[in-house]
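Heads up: the structure comes next, in structure tokens.
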Amino acid sequence: MAEKLVLIDGTALAYRSFYAFIRNPLISSKGENTSTSFGFINSIQKLKREYKPEYMAVSFDLGAPTVRHKIYPEYKSTRAKMPDEMVDTLPRLNSVVEAMNLPVVAIEGIEADDIIGTLAVKGAEEGLDVYIYTGDKDFFQLVNDRISIIYPGKKGEDDKVLDAKGVEKKFGVPPDKVIDVLALMGDSSDNIPGVPGIGPKTANQLIKEIGGFEKIYQSLDSITKKKLKEKLEENREQAILSRDLVTIKTDIDVDKNIHDLKVSEPDLGKLLPLLKELEFGRFVEEFSGKVQQKNEVEYKLIQSIEELKKVGEEIHKVGCFAIDTETSSLVARHAELVGISISFEEHRAYYIPVGHIETDSNLPVDDVLDVIRELCEDKSILKAAQNLKYDLQVFRNRGMEKIEPAFDTMLASYVINASARGHGLSALALRYFDYNMQSITELIGTGKKQKSFAEVPVEDAVFYACEDADITYRLYKRLEPEIENNDLRKVFGEIEMPLIEVLREMEESGVRVDPEKLKEISDNLNNELERLTEEIYKHTDEEFNINSPVQLQKVLFEELGLPSKGKTAKGSGYSTDASVLEELARIHELPKLILEYRELTKLKSTYSDALVELIDERTDRIHTSFNQAVTATGRLSSSDPNLQNIPVRTELGREVREAFIPSDEEHIFLSADYSQVELRLMAHIADDEKMIEAFRRGEDIHNRTAAEIYGVEID
């Protein structure tokens with residue numbers, strides 16, 4: 001097999017990385033936006049894993065005027081300026097690229113496209129299989145037997161490798177005709193004019209029927225459509241200019257040969273500290289592999305109740321310990337206890353098996369719990385746990401009610417820095433101790449072959465379970481002083497910790513739903529969807545997949561000729577998102593029907609159908625999980641299922657909410673909300689007399705604000 005060369009448009013990848021997280025940017029504990037670096041590293045590592053290239057290069061645009069700007073000053077003039085937030089991330093990205101030892105090729109005044117084109121041709125001439133990682137259709141012109149395109153997949157989809165046939169299928173013409181099509185249709189993203197009024201469909205049709213660009217202009221008289229012929233005649237020079245602009249140069253003087261692009265190992269001395277500073281725990285683990293040795297530890301298996309009691313005596317002397325449970329399920333209400341781990345000294349821990357399958361090592365669970373219960377209910381001993389709410393419910397399943405006083409390391413981390421990326425045990429171990437914990441998947445596997453922890457042999461479970469307790473104990477020792485030093489004792493001890501038991505009881509109680517009501521809603525939605533489908537098809541020549549954006553694009557913009565409103569984020573076609581359809585609904589009935597169809601489909605699949613499946617057969621209720629340590633703002637979140645985002649402003653959404661009912665006739669639902677709580681806090685913190693007075697009088701704060709701005713008196 002031939003060796004491989006992977007070429008990457010670094011500027012495009014940086015943009016794609018930044019915008020991939022635009023709705024939820026990755027922010028470090030220091031407030032730094034790390035989205036660009038994270039996405040960039042992720043893509044590079046994925047390419048290395050999947051293609052195993054011997055050679056690789058990244059090319060960046062340096063921002064200086066290029067040859068294309070000189071022949072056409074308006075080139076790319078319509079492009080939006082790079083957001084300041086992204087500009088701020090580029091110095092970090094440069095450091096990352098350098099530390100990863102990625103070969104970079106960038107030339108002042110030369111576009112990355114031309115550098116990549118030149119390297120691609122060079123690589124192909126030297127017998128390499130060349131892959132260009134790009135979502136830019138301009139590169140389709142380079143594809144041949146040796147050069148392919150790795151076309152990035154949409155979110156959740158795999159990348160696609162496009163050879164010549166793949167290009168023709170995606171773009172409509174073979175690679176040697178791509179330049180001709182681009183010259184005719186132009187490119188609004190680069191402000192390449194093309195021939196006004198000629199889009200991709202017409203350009204493709206002309207090329208297929210007549211041949212290449214030159215043949216079209218040599219045989220204009222054969223074009224029967226008068227307006228089309230006039231457009232081509234009037235814009236001949238503009239079309240020729242456009243052809244020059246879209247043609248990727250492959251003969252640039254690049255001061256590197258292919259062998260300079262040999263893939264080399266990253267400089268871990270630079271890269272690992274940088275990744276830790278960026279708080280990329282996953283990449284620290286990936287790059288360091290198993291280089292980081294496990295600390296010298298003393299992890300023991302408890303083999304008798306007497307031995308456990310002796311450990312209990314030592315705990316009484318110390319006055320605190322960490323506790324963790326191993327179970328058969330992630331759902332606490334259904335989890336069977338498999339084992340318990342405890343630690344009261346750093347790097348030292350014990351594992352107590354009680355529910356492993358096929359072993360003689362299990363201790364009598366009731367006898368074990370008698371010892372553990374005494375320790376957990378002794379108020380002179382502090383108990384540390386990671387995600388205490390889960391362990392509380394697991395023990396409650398076995399009749400053990402309390403763990404107090406307690407210290408939840410997950411909540412401590414959250415209170416100290418709510419914006420930090422991840423408060424799970426592995427993330428905290430990496431953040432505070434530069435330590436990579438053993439992955440649970442090493443023991444139980446993944447996917448369909450995943451097994452229960454109860455099936456893990458005891459001898460394999462000891463290290464994993466003890467490590468959990470040991471790290472939790474070490475985190476307690478590290479975080480407890482931070483809580484004190486940052487004056488967070490009241491928030492942590494009087495708000496977050498007491499809330500644990502409240503939420504546990506809420507989760508255990510669940511919420512009653514009326515399955516018949518949900519089924520009725522689902523049936524009604526199904527009938528309405530069938531009606532809408534018929535209405536939609538009345539506006540088209542033939543039936544199509546309403547859920548397919550590609551087929552919808554064709555119907556809206558080609559068959560119906562509605563005005564397109566810009567490309568999708570991935571550039572795969574004209575957008576059909578809600579904002580576009582809402583605008584198009586003003587001039588045509590079909591987009592309005594599509595919007596209705598989408599809303600009903602979401603309600604049916606996400607709520608009326610899904611919620612019925614989530615009703616617990618044992619309680620006839622839905623039991624969601626309430627998460628304290630997820631949102632950066634401090635509010636709770638709900639998951640499995642998320643009960644917080646059921647629509648409230650639509651009639652159908654309100655119908656779904658009506659399916660949630662009180663426990664019985666003795667109970668009611670009470671809805672309560674703070675009025676303008678953020679503004680009240682602002683008024684208090686700023687000590688703004690007028691705002692405070694407005695709130696005290698019960699005035700509409702927005703009216704009062706407008707009155708103050710415009711100098712209007714309010715009666």
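Ordering of the structure tokens sets the chain letters (A, B, ...), residue numbers begin anew at 1 in every chain, and ligands are numbered from 1 in the order given.
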
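Within range 71-234 of chain A, DSSP run on the backbone puts these residues in strand (DSSP E or B): Val104, Val105, Asp129, Val130, Tyr131, Ile132, Tyr133, Ile147, Ser148, Ile149, Ile150, Tyr151, Lys160, Val161, Leu162, Asp187 and Ile192 of chain A.
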
Distance query Asn235 in chain A at most 12 Å, only C-alpha atoms, self and fewer than 6 positions along chain excluded, as a PyMOL selection string: chain A and resi 183-186+193-198+217+228-229+241-242

8 Å contact set for range 341-350 of chain A, only C-alpha atoms, chain neighbours under 5 positions out, as a PyMOL selection string: chain A and resi 295-302+315+318+320-326+462+465-471+473-474

One-decimal distance in Å that lies between CA of Lys592 in chain A and CA of Glu530 in chain A: 15.7 Å

Can you tell me, as an mmCIF file with all heavy atoms, in the first residue's frame, what residues are no more than 12 Å from Leu337 in chain A when counting only C-alpha atoms, ignoring any on the same chain fewer than 5 positions away?
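Written out: around-v6.cif:
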```cif
data_model
loop_
_atom_site.group_PDB
_atom_site.id
_atom_site.type_symbol
_atom_site.label_atom_id
_atom_site.label_comp_id
_atom_site.auth_asym_id
_atom_site.auth_seq_id
_atom_site.Cartn_x
_atom_site.Cartn_y
_atom_site.Cartn_z
ATOM 1 N N ASP A 324 -17.671 4.843 49.055
ATOM 2 C CA ASP A 324 -18.179 4.781 47.692
ATOM 3 C C ASP A 324 -18.843 3.425 47.482
ATOM 4 O O ASP A 324 -18.449 2.426 48.086
ATOM 5 C CB ASP A 324 -17.039 4.958 46.680
ATOM 6 C CG ASP A 324 -17.554 5.049 45.255
ATOM 7 O OD1 ASP A 324 -18.219 6.049 44.940
ATOM 8 O OD2 ASP A 324 -17.297 4.116 44.477
ATOM 9 N N THR A 325 -19.856 3.387 46.640
ATOM 10 C CA THR A 325 -20.556 2.134 46.380
ATOM 11 C C THR A 325 -20.326 1.674 44.945
ATOM 12 O O THR A 325 -20.193 2.487 44.033
ATOM 13 C CB THR A 325 -22.072 2.287 46.594
ATOM 14 O OG1 THR A 325 -22.565 3.325 45.737
ATOM 15 C CG2 THR A 325 -22.382 2.623 48.036
ATOM 16 N N GLU A 326 -20.268 0.369 44.758
ATOM 17 C CA GLU A 326 -20.277 -0.238 43.425
ATOM 18 C C GLU A 326 -21.606 -0.966 43.304
ATOM 19 O O GLU A 326 -22.003 -1.700 44.218
ATOM 20 C CB GLU A 326 -19.103 -1.207 43.251
ATOM 21 C CG GLU A 326 -17.737 -0.581 43.452
ATOM 22 C CD GLU A 326 -17.459 0.584 42.511
ATOM 23 O OE1 GLU A 326 -18.109 0.663 41.441
ATOM 24 O OE2 GLU A 326 -16.609 1.416 42.848
ATOM 25 N N THR A 327 -22.286 -0.759 42.187
ATOM 26 C CA THR A 327 -23.648 -1.264 42.060
ATOM 27 C C THR A 327 -23.885 -1.907 40.692
ATOM 28 O O THR A 327 -23.012 -1.888 39.815
ATOM 29 C CB THR A 327 -24.659 -0.119 42.243
ATOM 30 O OG1 THR A 327 -24.481 0.823 41.172
ATOM 31 C CG2 THR A 327 -24.460 0.581 43.580
ATOM 32 N N SER A 328 -25.083 -2.392 40.517
ATOM 33 C CA SER A 328 -25.461 -3.074 39.274
ATOM 34 C C SER A 328 -26.104 -2.143 38.254
ATOM 35 O O SER A 328 -26.389 -2.566 37.137
ATOM 36 C CB SER A 328 -26.445 -4.207 39.597
ATOM 37 O OG SER A 328 -27.626 -3.677 40.203
ATOM 38 N N SER A 329 -26.341 -0.874 38.620
ATOM 39 C CA SER A 329 -27.053 0.031 37.714
ATOM 40 C C SER A 329 -26.687 1.477 38.014
ATOM 41 O O SER A 329 -26.378 1.837 39.156
ATOM 42 C CB SER A 329 -28.569 -0.146 37.874
ATOM 43 O OG SER A 329 -29.278 0.834 37.149
ATOM 44 N N LEU A 330 -26.746 2.314 36.966
ATOM 45 C CA LEU A 330 -26.538 3.752 37.152
ATOM 46 C C LEU A 330 -27.777 4.429 37.710
ATOM 47 O O LEU A 330 -27.709 5.540 38.217
ATOM 48 C CB LEU A 330 -26.157 4.403 35.818
ATOM 49 C CG LEU A 330 -24.785 4.015 35.248
ATOM 50 C CD1 LEU A 330 -24.604 4.640 33.868
ATOM 51 C CD2 LEU A 330 -23.665 4.447 36.173
ATOM 52 N N VAL A 331 -28.925 3.755 37.607
ATOM 53 C CA VAL A 331 -30.174 4.283 38.157
ATOM 54 C C VAL A 331 -30.245 3.876 39.623
ATOM 55 O O VAL A 331 -30.434 2.692 39.937
ATOM 56 C CB VAL A 331 -31.397 3.750 37.387
ATOM 57 C CG1 VAL A 331 -32.678 4.332 37.963
ATOM 58 C CG2 VAL A 331 -31.267 4.074 35.902
ATOM 59 N N ALA A 332 -30.081 4.829 40.515
ATOM 60 C CA ALA A 332 -29.922 4.524 41.940
ATOM 61 C C ALA A 332 -31.098 3.749 42.521
ATOM 62 O O ALA A 332 -30.917 2.849 43.345
ATOM 63 C CB ALA A 332 -29.710 5.827 42.725
ATOM 64 N N ILE A 352 -15.027 -3.980 50.076
ATOM 65 C CA ILE A 352 -15.870 -4.966 50.742
ATOM 66 C C ILE A 352 -16.875 -5.513 49.730
ATOM 67 O O ILE A 352 -17.851 -4.834 49.387
ATOM 68 C CB ILE A 352 -16.636 -4.332 51.926
ATOM 69 C CG1 ILE A 352 -15.688 -3.507 52.800
ATOM 70 C CG2 ILE A 352 -17.355 -5.394 52.741
ATOM 71 C CD1 ILE A 352 -16.293 -2.257 53.342
ATOM 72 N N PRO A 353 -16.665 -6.702 49.188
ATOM 73 C CA PRO A 353 -17.603 -7.261 48.212
ATOM 74 C C PRO A 353 -18.829 -7.865 48.897
ATOM 75 O O PRO A 353 -18.701 -8.558 49.903
ATOM 76 C CB PRO A 353 -16.765 -8.347 47.526
ATOM 77 C CG PRO A 353 -15.804 -8.791 48.581
ATOM 78 C CD PRO A 353 -15.518 -7.597 49.449
ATOM 79 N N VAL A 354 -20.007 -7.596 48.352
ATOM 80 C CA VAL A 354 -21.230 -8.176 48.926
ATOM 81 C C VAL A 354 -22.169 -8.760 47.871
ATOM 82 O O VAL A 354 -23.097 -9.505 48.216
ATOM 83 C CB VAL A 354 -22.016 -7.123 49.750
ATOM 84 C CG1 VAL A 354 -21.213 -6.646 50.938
ATOM 85 C CG2 VAL A 354 -22.443 -5.947 48.862
ATOM 86 N N GLY A 355 -21.937 -8.437 46.575
ATOM 87 C CA GLY A 355 -22.911 -8.876 45.575
ATOM 88 C C GLY A 355 -22.329 -9.322 44.261
ATOM 89 O O GLY A 355 -22.992 -9.249 43.225
ATOM 90 N N HIS A 356 -21.078 -9.804 44.267
ATOM 91 C CA HIS A 356 -20.481 -10.299 43.033
ATOM 92 C C HIS A 356 -21.038 -11.686 42.700
ATOM 93 O O HIS A 356 -21.316 -12.500 43.586
ATOM 94 C CB HIS A 356 -18.957 -10.368 43.162
ATOM 95 C CG HIS A 356 -18.291 -9.032 43.105
ATOM 96 N ND1 HIS A 356 -17.795 -8.489 41.951
ATOM 97 C CD2 HIS A 356 -18.055 -8.120 44.090
ATOM 98 C CE1 HIS A 356 -17.272 -7.309 42.214
ATOM 99 N NE2 HIS A 356 -17.410 -7.054 43.510
ATOM 100 N N ILE A 357 -21.169 -11.948 41.420
ATOM 101 C CA ILE A 357 -21.662 -13.247 40.960
ATOM 102 C C ILE A 357 -20.504 -14.248 40.931
ATOM 103 O O ILE A 357 -19.382 -13.899 40.588
ATOM 104 C CB ILE A 357 -22.292 -13.118 39.556
ATOM 105 C CG1 ILE A 357 -23.480 -12.150 39.604
ATOM 106 C CG2 ILE A 357 -22.721 -14.476 38.998
ATOM 107 C CD1 ILE A 357 -24.015 -11.774 38.232
ATOM 108 N N ASN A 362 -17.734 -12.792 48.688
ATOM 109 C CA ASN A 362 -18.770 -11.906 49.219
ATOM 110 C C ASN A 362 -18.942 -12.089 50.718
ATOM 111 O O ASN A 362 -18.979 -13.214 51.220
ATOM 112 C CB ASN A 362 -20.109 -12.192 48.537
ATOM 113 C CG ASN A 362 -20.144 -11.702 47.102
ATOM 114 O OD1 ASN A 362 -19.505 -10.712 46.764
ATOM 115 N ND2 ASN A 362 -20.889 -12.402 46.254
ATOM 116 N N LEU A 363 -19.074 -10.967 51.420
ATOM 117 C CA LEU A 363 -19.388 -11.003 52.849
ATOM 118 C C LEU A 363 -20.896 -10.840 53.013
ATOM 119 O O LEU A 363 -21.562 -10.262 52.139
ATOM 120 C CB LEU A 363 -18.653 -9.886 53.580
ATOM 121 C CG LEU A 363 -17.114 -9.920 53.509
ATOM 122 C CD1 LEU A 363 -16.524 -8.810 54.370
ATOM 123 C CD2 LEU A 363 -16.561 -11.264 53.941
ATOM 124 N N PRO A 364 -21.461 -11.335 54.123
ATOM 125 C CA PRO A 364 -22.912 -11.193 54.356
ATOM 126 C C PRO A 364 -23.307 -9.718 54.355
ATOM 127 O O PRO A 364 -22.811 -8.937 55.163
ATOM 128 C CB PRO A 364 -23.121 -11.829 55.734
ATOM 129 C CG PRO A 364 -21.940 -12.713 55.922
ATOM 130 C CD PRO A 364 -20.796 -12.065 55.210
ATOM 131 N N VAL A 365 -24.185 -9.332 53.417
ATOM 132 C CA VAL A 365 -24.489 -7.930 53.211
ATOM 133 C C VAL A 365 -25.096 -7.279 54.452
ATOM 134 O O VAL A 365 -24.765 -6.127 54.796
ATOM 135 C CB VAL A 365 -25.413 -7.739 51.983
ATOM 136 C CG1 VAL A 365 -26.759 -8.403 52.191
ATOM 137 C CG2 VAL A 365 -25.578 -6.258 51.651
ATOM 138 N N ASP A 366 -25.957 -7.982 55.187
ATOM 139 C CA ASP A 366 -26.575 -7.392 56.374
ATOM 140 C C ASP A 366 -25.543 -7.137 57.466
ATOM 141 O O ASP A 366 -25.581 -6.094 58.145
ATOM 142 C CB ASP A 366 -27.689 -8.301 56.903
ATOM 143 C CG ASP A 366 -28.896 -8.331 55.964
ATOM 144 O OD1 ASP A 366 -29.070 -7.354 55.204
ATOM 145 O OD2 ASP A 366 -29.643 -9.318 55.989
ATOM 146 N N VAL A 368 -22.335 -6.603 56.953
ATOM 147 C CA VAL A 368 -21.508 -5.487 56.482
ATOM 148 C C VAL A 368 -22.213 -4.164 56.738
ATOM 149 O O VAL A 368 -21.623 -3.206 57.252
ATOM 150 C CB VAL A 368 -21.197 -5.646 54.974
ATOM 151 C CG1 VAL A 368 -20.594 -4.350 54.413
ATOM 152 C CG2 VAL A 368 -20.250 -6.809 54.739
ATOM 153 N N LEU A 369 -23.502 -4.120 56.406
ATOM 154 C CA LEU A 369 -24.249 -2.870 56.564
ATOM 155 C C LEU A 369 -24.405 -2.476 58.029
ATOM 156 O O LEU A 369 -24.499 -1.283 58.341
ATOM 157 C CB LEU A 369 -25.614 -2.985 55.896
ATOM 158 C CG LEU A 369 -25.586 -2.980 54.355
ATOM 159 C CD1 LEU A 369 -26.976 -3.216 53.787
ATOM 160 C CD2 LEU A 369 -25.019 -1.659 53.821
ATOM 161 N N TYR A 390 -26.417 9.766 45.073
ATOM 162 C CA TYR A 390 -26.512 8.411 44.532
ATOM 163 C C TYR A 390 -26.281 7.375 45.632
ATOM 164 O O TYR A 390 -27.055 6.425 45.785
ATOM 165 C CB TYR A 390 -25.493 8.225 43.400
ATOM 166 C CG TYR A 390 -25.510 6.837 42.798
ATOM 167 C CD1 TYR A 390 -26.355 6.525 41.749
ATOM 168 C CD2 TYR A 390 -24.679 5.833 43.290
ATOM 169 C CE1 TYR A 390 -26.384 5.256 41.195
ATOM 170 C CE2 TYR A 390 -24.697 4.556 42.757
ATOM 171 C CZ TYR A 390 -25.551 4.279 41.707
ATOM 172 O OH TYR A 390 -25.582 3.003 41.185
ATOM 173 N N ASP A 391 -25.221 7.546 46.397
ATOM 174 C CA ASP A 391 -24.908 6.571 47.454
ATOM 175 C C ASP A 391 -26.003 6.530 48.515
ATOM 176 O O ASP A 391 -26.331 5.457 49.042
ATOM 177 C CB ASP A 391 -23.563 6.918 48.106
ATOM 178 C CG ASP A 391 -22.408 6.780 47.130
ATOM 179 O OD1 ASP A 391 -22.396 5.796 46.368
ATOM 180 O OD2 ASP A 391 -21.534 7.654 47.120
ATOM 181 N N LEU A 392 -26.571 7.695 48.828
ATOM 182 C CA LEU A 392 -27.669 7.741 49.797
ATOM 183 C C LEU A 392 -28.836 6.866 49.345
ATOM 184 O O LEU A 392 -29.395 6.099 50.137
ATOM 185 C CB LEU A 392 -28.164 9.184 49.962
ATOM 186 C CG LEU A 392 -27.476 10.052 51.007
ATOM 187 C CD1 LEU A 392 -27.952 11.498 50.872
ATOM 188 C CD2 LEU A 392 -27.754 9.544 52.413
ATOM 189 N N GLN A 393 -29.191 6.970 48.064
ATOM 190 C CA GLN A 393 -30.320 6.189 47.562
ATOM 191 C C GLN A 393 -29.997 4.697 47.544
ATOM 192 O O GLN A 393 -30.849 3.863 47.876
ATOM 193 C CB GLN A 393 -30.698 6.654 46.157
ATOM 194 C CG GLN A 393 -31.939 5.968 45.591
ATOM 195 C CD GLN A 393 -33.174 6.210 46.441
ATOM 196 O OE1 GLN A 393 -33.506 7.354 46.752
ATOM 197 N NE2 GLN A 393 -33.848 5.145 46.853
ATOM 198 N N VAL A 394 -28.765 4.355 47.178
ATOM 199 C CA VAL A 394 -28.363 2.937 47.154
ATOM 200 C C VAL A 394 -28.459 2.341 48.551
ATOM 201 O O VAL A 394 -28.979 1.223 48.735
ATOM 202 C CB VAL A 394 -26.929 2.796 46.591
ATOM 203 C CG1 VAL A 394 -26.419 1.363 46.787
ATOM 204 C CG2 VAL A 394 -26.896 3.176 45.114
ATOM 205 N N PHE A 395 -27.977 3.066 49.536
ATOM 206 C CA PHE A 395 -28.052 2.562 50.910
ATOM 207 C C PHE A 395 -29.495 2.538 51.404
ATOM 208 O O PHE A 395 -29.890 1.644 52.151
ATOM 209 C CB PHE A 395 -27.179 3.411 51.838
ATOM 210 C CG PHE A 395 -25.716 3.097 51.746
ATOM 211 C CD1 PHE A 395 -24.774 4.097 51.553
ATOM 212 C CD2 PHE A 395 -25.266 1.790 51.855
ATOM 213 C CE1 PHE A 395 -23.428 3.809 51.464
ATOM 214 C CE2 PHE A 395 -23.911 1.481 51.772
ATOM 215 C CZ PHE A 395 -22.997 2.497 51.570
ATOM 216 N N ARG A 396 -30.269 3.518 50.989
ATOM 217 C CA ARG A 396 -31.675 3.539 51.396
ATOM 218 C C ARG A 396 -32.412 2.313 50.857
ATOM 219 O O ARG A 396 -33.315 1.775 51.511
ATOM 220 C CB ARG A 396 -32.350 4.826 50.894
ATOM 221 C CG ARG A 396 -33.777 5.009 51.412
ATOM 222 C CD ARG A 396 -34.381 6.297 50.892
ATOM 223 N NE ARG A 396 -35.773 6.428 51.292
ATOM 224 C CZ ARG A 396 -36.185 6.948 52.443
ATOM 225 N NH1 ARG A 396 -35.298 7.388 53.316
ATOM 226 N NH2 ARG A 396 -37.469 7.020 52.728
ATOM 227 N N ASN A 397 -32.024 1.874 49.653
ATOM 228 C CA ASN A 397 -32.621 0.656 49.106
ATOM 229 C C ASN A 397 -32.420 -0.535 50.041
ATOM 230 O O ASN A 397 -33.201 -1.491 50.019
ATOM 231 C CB ASN A 397 -32.003 0.322 47.739
ATOM 232 C CG ASN A 397 -32.304 1.379 46.686
ATOM 233 O OD1 ASN A 397 -33.201 2.199 46.857
ATOM 234 N ND2 ASN A 397 -31.561 1.355 45.591
ATOM 235 N N ARG A 398 -31.345 -0.470 50.848
ATOM 236 C CA ARG A 398 -31.027 -1.552 51.788
ATOM 237 C C ARG A 398 -31.418 -1.205 53.222
ATOM 238 O O ARG A 398 -30.994 -1.869 54.165
ATOM 239 C CB ARG A 398 -29.525 -1.847 51.744
ATOM 240 C CG ARG A 398 -28.989 -2.278 50.401
ATOM 241 C CD ARG A 398 -29.476 -3.632 49.958
ATOM 242 N NE ARG A 398 -29.370 -4.652 50.989
ATOM 243 C CZ ARG A 398 -29.497 -5.956 50.782
ATOM 244 N NH1 ARG A 398 -29.755 -6.396 49.558
ATOM 245 N NH2 ARG A 398 -29.396 -6.811 51.767
ATOM 246 N N GLY A 399 -32.223 -0.156 53.382
ATOM 247 C CA GLY A 399 -32.744 0.166 54.706
ATOM 248 C C GLY A 399 -31.861 1.054 55.547
ATOM 249 O O GLY A 399 -32.127 1.261 56.735
ATOM 250 N N SER A 452 -22.611 -6.206 33.799
ATOM 251 C CA SER A 452 -22.836 -5.572 35.102
ATOM 252 C C SER A 452 -21.561 -5.660 35.937
ATOM 253 O O SER A 452 -20.750 -6.579 35.778
ATOM 254 C CB SER A 452 -23.985 -6.283 35.820
ATOM 255 O OG SER A 452 -23.994 -5.943 37.192
ATOM 256 N N PHE A 453 -21.398 -4.694 36.844
ATOM 257 C CA PHE A 453 -20.238 -4.741 37.743
ATOM 258 C C PHE A 453 -20.279 -6.003 38.598
ATOM 259 O O PHE A 453 -19.240 -6.495 39.035
ATOM 260 C CB PHE A 453 -20.210 -3.497 38.638
ATOM 261 C CG PHE A 453 -18.869 -3.275 39.291
ATOM 262 C CD1 PHE A 453 -17.866 -2.606 38.616
ATOM 263 C CD2 PHE A 453 -18.606 -3.735 40.568
ATOM 264 C CE1 PHE A 453 -16.624 -2.402 39.203
ATOM 265 C CE2 PHE A 453 -17.369 -3.537 41.170
ATOM 266 C CZ PHE A 453 -16.372 -2.868 40.486
ATOM 267 N N ALA A 454 -21.474 -6.540 38.820
ATOM 268 C CA ALA A 454 -21.597 -7.774 39.606
ATOM 269 C C ALA A 454 -20.909 -8.946 38.922
ATOM 270 O O ALA A 454 -20.539 -9.928 39.584
ATOM 271 C CB ALA A 454 -23.074 -8.092 39.845
#
```

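The closest residue to Glu589 in chain A, picked from A:Asp408, A:Glu480, A:Arg635, A:Thr540 and counting only C-alpha atoms, is A:Thr540.
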
Pick from A:Asp163, A:Glu496, A:Glu535, A:Glu358 nearest to Ile416 in chain A, counting only C-alpha atoms: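 For Ile416 in chain A, the nearest of the candidates is A:Glu496.
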
Test item: residues at most 7 Å from Val612 in chain A, only C-alpha atoms, excluding those fewer than 4 positions along its chain, as an MDAnalysis selection string: chainID A and resid 515 518 608

Using N, CA and C atoms, can you export the residues from the last selection as a PDB file, in the first residue's frame?
```
ATOM      1  N   PRO A 515     -50.972   8.000  31.742  1.00  0.00           N
ATOM      2  CA  PRO A 515     -50.554   7.387  30.472  1.00  0.00           C
ATOM      3  C   PRO A 515     -51.643   7.446  29.406  1.00  0.00           C
ATOM      4  N   LEU A 518     -51.444  10.754  27.721  1.00  0.00           N
ATOM      5  CA  LEU A 518     -50.322  10.810  26.796  1.00  0.00           C
ATOM      6  C   LEU A 518     -50.620  10.031  25.516  1.00  0.00           C
ATOM      7  N   SER A 608     -44.939  12.857  24.089  1.00  0.00           N
ATOM      8  CA  SER A 608     -46.104  11.975  24.247  1.00  0.00           C
ATOM      9  C   SER A 608     -45.738  10.501  24.088  1.00  0.00           C
TER      10      SER A 608
END
```

Exercise: Leu411 in chain A partners within 10 Å, only C-alpha atoms, chain neighbours under 6 positions left out, as a list in words: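 In the requested format, the answer is Ala385, Gln386, Asn387, Leu388, Asn417, Ala418, His423, Gly424, Phe492, Glu496, Met497, Ile500, Gln628, Ala629 and Val630 of chain A.
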
Would you mind exporting C-alpha atoms of the selected residues as a PDB file, in the first residue's frame?
```
ATOM      1  CA  ALA A 385     -18.480  10.949  49.083  1.00  0.00           C
ATOM      2  CA  GLN A 386     -18.482  11.788  45.386  1.00  0.00           C
ATOM      3  CA  ASN A 387     -22.104  12.372  44.287  1.00  0.00           C
ATOM      4  CA  LEU A 388     -23.501  11.580  47.713  1.00  0.00           C
ATOM      5  CA  ASN A 417     -15.779  26.785  40.388  1.00  0.00           C
ATOM      6  CA  ALA A 418     -19.147  26.195  38.761  1.00  0.00           C
ATOM      7  CA  HIS A 423     -16.974  17.694  38.247  1.00  0.00           C
ATOM      8  CA  GLY A 424     -16.830  13.917  37.873  1.00  0.00           C
ATOM      9  CA  PHE A 492     -21.761  24.758  50.571  1.00  0.00           C
ATOM     10  CA  GLU A 496     -25.958  22.791  48.579  1.00  0.00           C
ATOM     11  CA  MET A 497     -25.396  19.969  51.081  1.00  0.00           C
ATOM     12  CA  ILE A 500     -29.018  16.684  48.484  1.00  0.00           C
ATOM     13  CA  GLN A 628     -26.851  20.124  41.206  1.00  0.00           C
ATOM     14  CA  ALA A 629     -23.439  20.309  39.585  1.00  0.00           C
ATOM     15  CA  VAL A 630     -24.131  20.885  35.883  1.00  0.00           C
TER      16      VAL A 630
END
```

Non-local contacts of Ile252 in chain A (7 Å; only C-alpha atoms; under 6 positions in same chain excluded) as a ChimeraX atom specification: /A:114-115,118

Keeping only N, CA, C and O atoms, write the selected residues to a file as an mmCIF file, in the first residue's frame.
```cif
data_model
loop_
_atom_site.group_PDB
_atom_site.id
_atom_site.type_symbol
_atom_site.label_atom_id
_atom_site.label_comp_id
_atom_site.auth_asym_id
_atom_site.auth_seq_id
_atom_site.Cartn_x
_atom_site.Cartn_y
_atom_site.Cartn_z
ATOM 1 N N ASP A 114 -3.994 27.280 -2.226
ATOM 2 C CA ASP A 114 -2.966 27.078 -3.248
ATOM 3 C C ASP A 114 -1.784 26.283 -2.703
ATOM 4 O O ASP A 114 -1.176 25.485 -3.424
ATOM 5 N N ILE A 115 -1.469 26.505 -1.438
ATOM 6 C CA ILE A 115 -0.392 25.728 -0.812
ATOM 7 C C ILE A 115 -0.798 24.262 -0.748
ATOM 8 O O ILE A 115 -0.018 23.358 -1.098
ATOM 9 N N THR A 118 -0.761 22.683 -4.213
ATOM 10 C CA THR A 118 0.602 22.390 -4.660
ATOM 11 C C THR A 118 1.148 21.148 -3.972
ATOM 12 O O THR A 118 1.726 20.261 -4.616
#
```

Which of A:Glu501, A:Glu708, A:Asp460, A:Glu237 sits closest to Lys690 in chain A [using only C-alpha atoms]: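 The closest residue to Lys690 in chain A is A:Glu708.
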
Nearest to Asp367 in chain A by atom-to-atom distance, counting only C-alpha atoms, from A:Ser304, A:Asp700, A:His69, A:Leu603: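 When distances to Asp367 in chain A are compared using only C-alpha atoms, the smallest one comes from A:Ser304.
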